[in-house]
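Visitor: So I've got this file, query20.pdb, and it contains PDB, C-alpha atoms, pLDDT in the B column:
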```pdb
MODEL        1
ATOM      1  CA  MET A   1       0.000   0.000   0.000  1.00 94.00           C
ATOM      2  CA  LEU A   2       1.513   3.309  -1.065  1.00 95.00           C
ATOM      3  CA  TYR A   3       0.248   6.252   0.970  1.00 96.00           C
ATOM      4  CA  GLY A   4       1.656   9.464  -0.429  1.00 92.00           C
ATOM      5  CA  GLY A   5       0.838  12.955   0.693  1.00 90.00           C
ATOM      6  CA  SER A   6       2.267  16.278   1.681  1.00 89.00           C
ATOM      7  CA  PHE A   7       1.849  15.573   5.441  1.00 92.00           C
ATOM      8  CA  ASP A   8       2.334  19.295   6.040  1.00 89.00           C
ATOM      9  CA  PRO A   9       1.871  18.985   8.921  1.00 87.00           C
ATOM     10  CA  ILE A  10       1.298  15.369   9.865  1.00 90.00           C
ATOM     11  CA  HIS A  11      -1.797  14.989  12.057  1.00 90.00           C
ATOM     12  CA  ASN A  12      -3.566  12.280  14.030  1.00 91.00           C
ATOM     13  CA  GLY A  13      -5.929  11.565  11.133  1.00 90.00           C
ATOM     14  CA  HIS A  14      -2.942  10.502   8.991  1.00 92.00           C
ATOM     15  CA  LEU A  15      -1.821   8.051  11.675  1.00 94.00           C
ATOM     16  CA  ALA A  16      -5.302   6.650  12.219  1.00 92.00           C
ATOM     17  CA  LEU A  17      -5.875   6.222   8.488  1.00 94.00           C
ATOM     18  CA  ALA A  18      -2.576   4.357   7.987  1.00 95.00           C
ATOM     19  CA  ARG A  19      -3.407   2.053  10.908  1.00 95.00           C
ATOM     20  CA  ASN A  20      -6.914   1.441   9.564  1.00 94.00           C
ATOM     21  CA  ILE A  21      -5.562   0.655   6.104  1.00 95.00           C
ATOM     22  CA  GLN A  22      -3.065  -1.769   7.616  1.00 94.00           C
ATOM     23  CA  ALA A  23      -5.784  -3.497   9.637  1.00 93.00           C
ATOM     24  CA  LYS A  24      -8.332  -3.663   6.802  1.00 94.00           C
ATOM     25  CA  PHE A  25      -5.919  -4.973   4.175  1.00 94.00           C
ATOM     26  CA  ASP A  26      -3.441  -6.791   6.478  1.00 94.00           C
ATOM     27  CA  CYS A  27      -0.589  -5.141   4.608  1.00 93.00           C
ATOM     28  CA  ASP A  28       2.541  -3.100   5.012  1.00 93.00           C
ATOM     29  CA  VAL A  29       2.032   0.603   4.401  1.00 96.00           C
ATOM     30  CA  LYS A  30       4.660   2.817   2.811  1.00 95.00           C
ATOM     31  CA  VAL A  31       4.101   6.441   3.820  1.00 96.00           C
ATOM     32  CA  ILE A  32       5.631   8.751   1.218  1.00 94.00           C
ATOM     33  CA  PRO A  33       5.932  12.465   2.005  1.00 92.00           C
ATOM     34  CA  VAL A  34       6.038  14.260  -1.335  1.00 88.00           C
ATOM     35  CA  LYS A  35       5.992  17.694  -2.881  1.00 78.00           C
ATOM     36  CA  ASN A  36       2.507  17.982  -4.304  1.00 64.00           C
ATOM     37  CA  PRO A  37       2.573  19.662  -7.730  1.00 61.00           C
ATOM     38  CA  PHE A  38      -1.032  20.826  -7.186  1.00 59.00           C
ATOM     39  CA  LYS A  39      -0.333  22.618  -3.871  1.00 64.00           C
ATOM     40  CA  ASP A  40       1.596  25.741  -2.885  1.00 66.00           C
ATOM     41  CA  ALA A  41       4.623  25.544  -0.615  1.00 65.00           C
ATOM     42  CA  GLY A  42       3.572  24.765   2.939  1.00 75.00           C
ATOM     43  CA  LEU A  43       5.004  25.086   6.411  1.00 83.00           C
ATOM     44  CA  PHE A  44       7.904  22.659   6.181  1.00 87.00           C
ATOM     45  CA  PRO A  45      10.417  21.794   3.458  1.00 89.00           C
ATOM     46  CA  LEU A  46      10.321  18.191   2.253  1.00 89.00           C
ATOM     47  CA  GLU A  47      13.356  17.052   4.284  1.00 92.00           C
ATOM     48  CA  GLU A  48      11.764  18.271   7.525  1.00 92.00           C
ATOM     49  CA  ARG A  49       8.390  16.751   6.676  1.00 92.00           C
ATOM     50  CA  ILE A  50      10.032  13.377   6.113  1.00 94.00           C
ATOM     51  CA  ALA A  51      11.823  13.566   9.486  1.00 95.00           C
ATOM     52  CA  ILE A  52       8.681  14.705  11.332  1.00 95.00           C
ATOM     53  CA  THR A  53       6.544  12.048   9.648  1.00 96.00           C
ATOM     54  CA  LYS A  54       9.091   9.340  10.525  1.00 96.00           C
ATOM     55  CA  LYS A  55       8.961  10.474  14.140  1.00 96.00           C
ATOM     56  CA  ALA A  56       5.140  10.392  14.149  1.00 95.00           C
ATOM     57  CA  PHE A  57       5.051   6.778  12.908  1.00 96.00           C
ATOM     58  CA  GLU A  58       8.060   5.510  14.875  1.00 94.00           C
ATOM     59  CA  PHE A  59       5.993   3.114  17.015  1.00 92.00           C
ATOM     60  CA  CYS A  60       3.802   1.756  14.212  1.00 91.00           C
ATOM     61  CA  PRO A  61       4.962  -1.693  13.080  1.00 92.00           C
ATOM     62  CA  ARG A  62       4.527  -2.439   9.374  1.00 94.00           C
ATOM     63  CA  ILE A  63       4.127   1.261   8.618  1.00 96.00           C
ATOM     64  CA  GLU A  64       7.299   2.675   7.131  1.00 96.00           C
ATOM     65  CA  VAL A  65       7.955   6.301   6.229  1.00 96.00           C
ATOM     66  CA  VAL A  66      10.223   6.392   3.200  1.00 94.00           C
ATOM     67  CA  ASP A  67      12.333   9.162   1.714  1.00 92.00           C
ATOM     68  CA  TRP A  68      11.854   8.145  -1.904  1.00 87.00           C
ATOM     69  CA  SER A  69      11.027  11.727  -2.901  1.00 85.00           C
ATOM     70  CA  LEU A  70      14.634  12.579  -2.071  1.00 85.00           C
ATOM     71  CA  THR A  71      16.476   9.403  -3.008  1.00 83.00           C
ATOM     72  CA  TRP A  72      14.750   8.047  -6.117  1.00 78.00           C
ATOM     73  CA  GLU A  73      15.258   9.621  -9.515  1.00 72.00           C
ATOM     74  CA  LYS A  74      12.378  11.428 -11.211  1.00 71.00           C
ATOM     75  CA  MET A  75       9.956  11.206  -8.282  1.00 72.00           C
ATOM     76  CA  GLU A  76       7.709  13.901  -9.742  1.00 77.00           C
ATOM     77  CA  SER A  77       4.645  11.706 -10.196  1.00 86.00           C
ATOM     78  CA  THR A  78       2.667   8.815  -8.804  1.00 91.00           C
ATOM     79  CA  TYR A  79       3.425   6.875 -11.966  1.00 92.00           C
ATOM     80  CA  GLU A  80       7.182   7.210 -11.430  1.00 90.00           C
ATOM     81  CA  CYS A  81       6.811   6.161  -7.799  1.00 90.00           C
ATOM     82  CA  VAL A  82       4.841   3.048  -8.761  1.00 92.00           C
ATOM     83  CA  ARG A  83       7.182   2.192 -11.643  1.00 90.00           C
ATOM     84  CA  GLN A  84      10.261   2.414  -9.457  1.00 88.00           C
ATOM     85  CA  PHE A  85       8.580   0.582  -6.579  1.00 90.00           C
ATOM     86  CA  LYS A  86       7.710  -2.325  -8.888  1.00 90.00           C
ATOM     87  CA  GLU A  87      11.236  -2.328 -10.307  1.00 89.00           C
ATOM     88  CA  LYS A  88      12.719  -2.552  -6.798  1.00 87.00           C
ATOM     89  CA  ASN A  89      10.066  -5.009  -5.522  1.00 87.00           C
ATOM     90  CA  PRO A  90       9.389  -7.458  -8.344  1.00 86.00           C
ATOM     91  CA  GLY A  91       7.400  -9.798  -6.078  1.00 81.00           C
ATOM     92  CA  GLU A  92       4.702  -7.190  -5.382  1.00 70.00           C
ATOM     93  CA  HIS A  93       1.662  -8.222  -7.371  1.00 73.00           C
ATOM     94  CA  GLN A  94      -1.118  -5.865  -6.307  1.00 87.00           C
ATOM     95  CA  ILE A  95      -0.295  -2.266  -5.554  1.00 93.00           C
ATOM     96  CA  TYR A  96      -2.791   0.123  -4.056  1.00 95.00           C
ATOM     97  CA  VAL A  97      -2.298   3.869  -4.065  1.00 96.00           C
ATOM     98  CA  VAL A  98      -4.129   5.885  -1.427  1.00 96.00           C
ATOM     99  CA  MET A  99      -5.665   9.174  -2.524  1.00 93.00           C
ATOM    100  CA  GLY A 100      -8.070  11.618  -0.941  1.00 90.00           C
ATOM    101  CA  SER A 101     -11.449  12.278  -2.517  1.00 90.00           C
ATOM    102  CA  ASP A 102     -10.453  15.949  -2.732  1.00 88.00           C
ATOM    103  CA  ALA A 103      -7.906  14.985  -5.426  1.00 88.00           C
ATOM    104  CA  LEU A 104     -10.365  13.166  -7.708  1.00 90.00           C
ATOM    105  CA  SER A 105     -11.009  16.237  -9.841  1.00 88.00           C
ATOM    106  CA  LYS A 106      -7.300  16.349 -10.772  1.00 90.00           C
ATOM    107  CA  LEU A 107      -6.872  12.614 -11.388  1.00 93.00           C
ATOM    108  CA  ALA A 108      -7.159  12.886 -15.172  1.00 93.00           C
ATOM    109  CA  LYS A 109      -4.229  15.356 -15.095  1.00 92.00           C
ATOM    110  CA  TRP A 110      -1.879  12.921 -13.364  1.00 91.00           C
ATOM    111  CA  ASP A 111       1.275  12.090 -15.306  1.00 90.00           C
ATOM    112  CA  GLN A 112       0.990   8.858 -17.305  1.00 93.00           C
ATOM    113  CA  VAL A 113      -2.532   8.212 -15.970  1.00 95.00           C
ATOM    114  CA  GLU A 114      -3.276   5.843 -18.873  1.00 95.00           C
ATOM    115  CA  LYS A 115      -0.318   3.644 -17.838  1.00 94.00           C
ATOM    116  CA  LEU A 116      -1.055   3.990 -14.127  1.00 94.00           C
ATOM    117  CA  VAL A 117      -4.519   2.477 -14.638  1.00 94.00           C
ATOM    118  CA  LYS A 118      -2.848  -0.801 -15.632  1.00 93.00           C
ATOM    119  CA  GLU A 119      -0.469  -0.818 -12.662  1.00 92.00           C
ATOM    120  CA  ILE A 120      -2.503  -0.039  -9.526  1.00 95.00           C
ATOM    121  CA  LYS A 121      -5.772  -0.061  -7.672  1.00 95.00           C
ATOM    122  CA  LEU A 122      -6.923   3.165  -6.035  1.00 96.00           C
ATOM    123  CA  LEU A 123      -7.978   3.366  -2.423  1.00 96.00           C
ATOM    124  CA  ILE A 124      -9.998   6.572  -2.319  1.00 95.00           C
ATOM    125  CA  VAL A 125     -10.374   8.085   1.133  1.00 93.00           C
ATOM    126  CA  GLN A 126     -13.629   9.984   1.519  1.00 90.00           C
ATOM    127  CA  ARG A 127     -12.543  13.238   3.127  1.00 83.00           C
ATOM    128  CA  PRO A 128     -14.948  15.366   5.148  1.00 76.00           C
ATOM    129  CA  GLY A 129     -16.337  18.262   3.159  1.00 77.00           C
ATOM    130  CA  TYR A 130     -15.632  16.644  -0.211  1.00 80.00           C
ATOM    131  CA  GLY A 131     -17.882  14.473  -2.263  1.00 78.00           C
ATOM    132  CA  CYS A 132     -16.658  11.145  -3.489  1.00 83.00           C
ATOM    133  CA  ASP A 133     -17.699  10.605  -7.061  1.00 84.00           C
ATOM    134  CA  ASP A 134     -15.565   7.549  -7.742  1.00 88.00           C
ATOM    135  CA  SER A 135     -16.992   7.406 -11.278  1.00 91.00           C
ATOM    136  CA  ILE A 136     -14.222   9.866 -12.221  1.00 91.00           C
ATOM    137  CA  ALA A 137     -11.632   7.183 -11.403  1.00 94.00           C
ATOM    138  CA  LYS A 138     -13.728   4.336 -12.789  1.00 95.00           C
ATOM    139  CA  ASN A 139     -14.294   6.174 -16.086  1.00 93.00           C
ATOM    140  CA  LEU A 140     -10.517   6.445 -16.453  1.00 95.00           C
ATOM    141  CA  GLY A 141     -10.321   2.664 -15.972  1.00 94.00           C
ATOM    142  CA  PHE A 142      -9.170   2.421 -12.343  1.00 96.00           C
ATOM    143  CA  ASP A 143     -10.232  -0.392 -10.048  1.00 95.00           C
ATOM    144  CA  VAL A 144     -11.424   1.451  -6.941  1.00 95.00           C
ATOM    145  CA  GLU A 145     -12.017   0.787  -3.251  1.00 94.00           C
ATOM    146  CA  LEU A 146     -13.447   3.365  -0.870  1.00 94.00           C
ATOM    147  CA  MET A 147     -12.608   4.100   2.743  1.00 92.00           C
ATOM    148  CA  SER A 148     -13.698   6.861   5.104  1.00 87.00           C
ATOM    149  CA  ALA A 149     -11.254   9.337   6.569  1.00 82.00           C
ATOM    150  CA  VAL A 150     -10.704   9.363  10.297  1.00 77.00           C
ATOM    151  CA  GLY A 151     -11.579  12.654  11.969  1.00 74.00           C
ATOM    152  CA  GLU A 152     -12.612  16.002  10.613  1.00 72.00           C
ATOM    153  CA  VAL A 153      -9.296  17.844  10.494  1.00 73.00           C
ATOM    154  CA  SER A 154      -6.932  18.285   7.561  1.00 74.00           C
ATOM    155  CA  SER A 155      -3.429  19.663   7.213  1.00 78.00           C
ATOM    156  CA  SER A 156      -4.966  22.614   5.348  1.00 74.00           C
ATOM    157  CA  THR A 157      -7.192  23.574   8.294  1.00 75.00           C
ATOM    158  CA  ILE A 158      -4.203  23.301  10.633  1.00 72.00           C
ATOM    159  CA  ARG A 159      -2.075  25.529   8.344  1.00 72.00           C
ATOM    160  CA  LYS A 160      -4.893  28.072   8.117  1.00 72.00           C
ATOM    161  CA  LYS A 161      -5.045  28.039  11.911  1.00 70.00           C
ATOM    162  CA  ASP A 162      -8.749  27.198  11.818  1.00 70.00           C
ATOM    163  CA  VAL A 163      -8.352  24.598  14.573  1.00 72.00           C
ATOM    164  CA  PRO A 164      -6.228  24.313  17.726  1.00 72.00           C
ATOM    165  CA  TRP A 165      -3.365  22.280  16.301  1.00 74.00           C
ATOM    166  CA  ARG A 166      -2.133  20.819  19.590  1.00 75.00           C
ATOM    167  CA  THR A 167      -5.120  18.492  19.736  1.00 79.00           C
ATOM    168  CA  HIS A 168      -4.552  17.249  16.180  1.00 80.00           C
ATOM    169  CA  VAL A 169      -0.766  16.884  15.841  1.00 83.00           C
ATOM    170  CA  PRO A 170       0.755  13.680  17.287  1.00 86.00           C
ATOM    171  CA  GLY A 171       2.192  14.316  20.727  1.00 84.00           C
ATOM    172  CA  ASN A 172       5.599  12.894  19.897  1.00 88.00           C
ATOM    173  CA  VAL A 173       6.149  15.503  17.160  1.00 87.00           C
ATOM    174  CA  TRP A 174       4.583  18.651  18.575  1.00 81.00           C
ATOM    175  CA  ASN A 175       7.943  19.949  19.808  1.00 82.00           C
ATOM    176  CA  LEU A 176       9.183  19.693  16.217  1.00 84.00           C
ATOM    177  CA  VAL A 177       6.285  21.683  14.757  1.00 82.00           C
ATOM    178  CA  LYS A 178       5.223  24.119  17.467  1.00 76.00           C
ATOM    179  CA  GLY A 179       7.436  26.969  16.271  1.00 74.00           C
ATOM    180  CA  ARG A 180       5.615  27.046  12.912  1.00 72.00           C
ATOM    181  CA  LEU A 181       2.101  26.647  14.241  1.00 65.00           C
ATOM    182  CA  ASP A 182       0.393  29.205  16.396  1.00 60.00           C
ATOM    183  CA  GLU A 183      -2.951  28.634  18.026  1.00 50.00           C
ATOM    184  CA  PRO A 184      -5.946  30.005  16.091  1.00 49.00           C
ATOM    185  CA  LYS A 185      -6.702  33.673  16.513  1.00 47.00           C
ATOM    186  CA  LYS A 186      -9.697  34.247  18.743  1.00 47.00           C
TER
ENDMDL
END
```
Let me see the structure of the file written as structure tokens.

Guide:
Amino acid sequence: MLYGGSFDPIHNGHLALARNIQAKFDCDVKVIPVKNPFKDAGLFPLEERIAITKKAFEFCPRIEVVDWSLTWEKMESTYECVRQFKEKNPGEHQIYVVMGSDALSKLAKWDQVEKLVKEIKLLIVQRPGYGCDDSIAKNLGFDVELMSAVGEVSSSTIRKKDVPWRTHVPGNVWNLVKGRLDEPKK
């Protein structure tokens, strides 16, 4: 299971989702902090996000945070990630890629989407506040499974300071992020 995202910042919903995926599918989960080409720069540079995300998942067996965005060549797209993962793990037969329902509208714009359809199944996470019209993915040819998000918060709401971040950021990383996050303005 490949679970990519900006994780900027990582929050408890990310941890809960990874654990739920692991339990539902009885699989190892690769968490891949990436630079999202559809999002503006966030709070933390990629190197810091990888370190913070590794810290957040440090006590989660079978969930591994990987630094492929830094160490693999041409990691600009999901297709490249999947291609290189398969090349390095030839025994992997079924690969799922986790995506949020908020990203469905951009799915057709993904690099090499016509090739990606043949390589993976999509696990679409139904995010609060976003519809989940999986027909977008199905019409492109993807095999799709759905799963609900855990919690109501997102990294975007934390960055916008719409919620008190201390209750949503994992306790073992809050010292690493507190200087960049202020409590919401009253």

Visitor: From the options A:Cys81, A:Ala23, A:Pro170, A:Lys35, which residue's atoms come nearest to A:Asp111, counting all atoms listed in the file?

Guide: A:Cys81

Visitor: Work out how far atom CA of A:Val125 is from atom CA of A:Ser148, in Å to one decimal.

Guide: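 Those two atoms sit 5.3 Å apart.
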
Visitor: Closest to A:Trp110 among A:Arg180, A:Lys160, A:Tyr79, A:Ile21, using all atoms listed in the file?

Guide: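 Between A:Arg180, A:Lys160, A:Tyr79, A:Ile21, the residue approaching A:Trp110 most closely is A:Tyr79.
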
Visitor: Run the PyMOL selection byres ((chain A and resi 126) around 7) against the file shown and list the residues it catches, as a ChimeraX atom specification.

Guide: /A:100-101,124-125,127-128,132,147-149

Visitor: Considering all atoms listed in the file, can you say which of A:Pro90, A:Leu122, A:Leu104, A:Val34 comes closest to A:Asp67?

Guide: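 Going through A:Pro90, A:Leu122, A:Leu104, A:Val34 one by one, the smallest distance to A:Asp67 is for A:Val34.
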